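Enquirer: Handing you a structure now.
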Amino acid sequence: MECEWSFFAVLIILLFERDKFFSWKFEYKLAYSQYWQYLGLILSVGLTQAMAVYILAHLYVGYALALFQLSAVLSVFYGWLFFNEKQIYRKLTASIIMVIGSVLIILFGQ
């Protein structure tokens, strides 16, 4: 069922965005000029997905999801570093509270 929806979504995108989709020469030059950034992005996303599959295969789902919450601190930090997010202390405090809850679940969960 998911495959049909994905195929339908691609057709809709091609229908409404065909002028952007077929202007691939500019996109190719842009992608080639930023080769190392795209390679780093592909490797980091691939490593993240591989680790998620490994963790879900070897831990209980509740523990794994608690472990995934540890990325909240990094997400807040990257938002501040790359996107100049405001109210960093408030967001950092909230993410640290989530991490503390995750650690408690991992350590004392039954």
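To be explicit about the labels: the chains of the structure tokens are called A, B, and onward in the order shown, and within each one the residues are counted from 1, while ligands get numbers from 1 in the order they are shown.
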Could you list, as an mmCIF file with N, CA and C atoms, in the first residue's frame, every residue within 10 Å of segment 48-62 of chain A, counting only C-alpha atoms and ignoring same-chain residues fewer than 4 positions away?

Expert:
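The resulting around.cif:
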data_model
loop_
_atom_site.group_PDB
_atom_site.id
_atom_site.type_symbol
_atom_site.label_atom_id
_atom_site.label_comp_id
_atom_site.auth_asym_id
_atom_site.auth_seq_id
_atom_site.Cartn_x
_atom_site.Cartn_y
_atom_site.Cartn_z
ATOM 1 N N ILE A 42 25.018 12.688 3.116
ATOM 2 C CA ILE A 42 24.592 11.326 2.793
ATOM 3 C C ILE A 42 25.172 10.329 3.786
ATOM 4 N N LEU A 43 26.450 10.483 4.115
ATOM 5 C CA LEU A 43 27.079 9.559 5.062
ATOM 6 C C LEU A 43 26.495 9.690 6.462
ATOM 7 N N SER A 44 26.243 10.912 6.903
ATOM 8 C CA SER A 44 25.705 11.077 8.254
ATOM 9 C C SER A 44 24.276 10.569 8.362
ATOM 10 N N ALA A 66 13.657 6.237 24.109
ATOM 11 C CA ALA A 66 14.241 7.096 25.139
ATOM 12 C C ALA A 66 15.671 7.464 24.768
ATOM 13 N N LEU A 67 16.388 6.527 24.200
ATOM 14 C CA LEU A 67 17.766 6.795 23.786
ATOM 15 C C LEU A 67 17.816 7.817 22.654
ATOM 16 N N PHE A 68 16.831 7.754 21.755
ATOM 17 C CA PHE A 68 16.792 8.707 20.643
ATOM 18 C C PHE A 68 16.577 10.139 21.120
ATOM 19 N N SER A 102 14.865 10.548 29.826
ATOM 20 C CA SER A 102 15.282 9.393 29.035
ATOM 21 C C SER A 102 16.272 8.522 29.785
ATOM 22 N N ILE A 105 14.469 6.535 32.372
ATOM 23 C CA ILE A 105 13.745 5.411 31.758
ATOM 24 C C ILE A 105 14.712 4.265 31.454
ATOM 25 N N ILE A 106 15.858 4.611 30.887
ATOM 26 C CA ILE A 106 16.837 3.577 30.532
ATOM 27 C C ILE A 106 17.383 2.891 31.776
ATOM 28 N N GLY A 109 13.852 1.664 34.082
ATOM 29 C CA GLY A 109 12.684 1.080 33.425
ATOM 30 C C GLY A 109 12.655 -0.434 33.587
#

Enquirer: If we count only C-alpha atoms, what is near Leu104 of chain A at a cut-off of 12 Å, once residues fewer than 4 positions away on the same chain are taken out, given as a list of chain:residue names?

Expert: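 My list of contacting residues is A:Tyr63, A:Ala66, A:Leu67, A:Gln69, A:Ile97, A:Met98, A:Val99, A:Ile100, A:Phe108, A:Gly109, A:Gln110.
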
Enquirer: Could you tell me which of A:Leu107, A:Leu70, A:Val45, A:Gly40 comes closest to Leu92 of chain A if we count only C-alpha atoms?

Expert: A:Leu70

Enquirer: For Leu65 of chain A, which residue out of A:Val103, A:Phe8, A:Ser33, A:Leu81 is the nearest one, using only C-alpha atoms?

Expert: A:Val103

Enquirer: I'd like the contact shell of Val76 of chain A - 12 Å cut-off, only C-alpha atoms, skipping same-chain residues fewer than 4 positions apart - returned as a PyMOL selection string.

Expert: chain A and resi 69-72+80-96

Enquirer: To one decimal place in Å, what is the distance between atom CA of Gly79 of chain A and atom CA of Tyr32 of chain A?

Expert: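 The value is 26.2 Å.
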
Enquirer: For atom CA of Phe77 of chain A and atom CA of Gln34 of chain A, determine how far apart the two atoms are, in Å to one decimal place.

Expert: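 Going from atom CA of Phe77 of chain A over to atom CA of Gln34 of chain A covers 24.0 Å.
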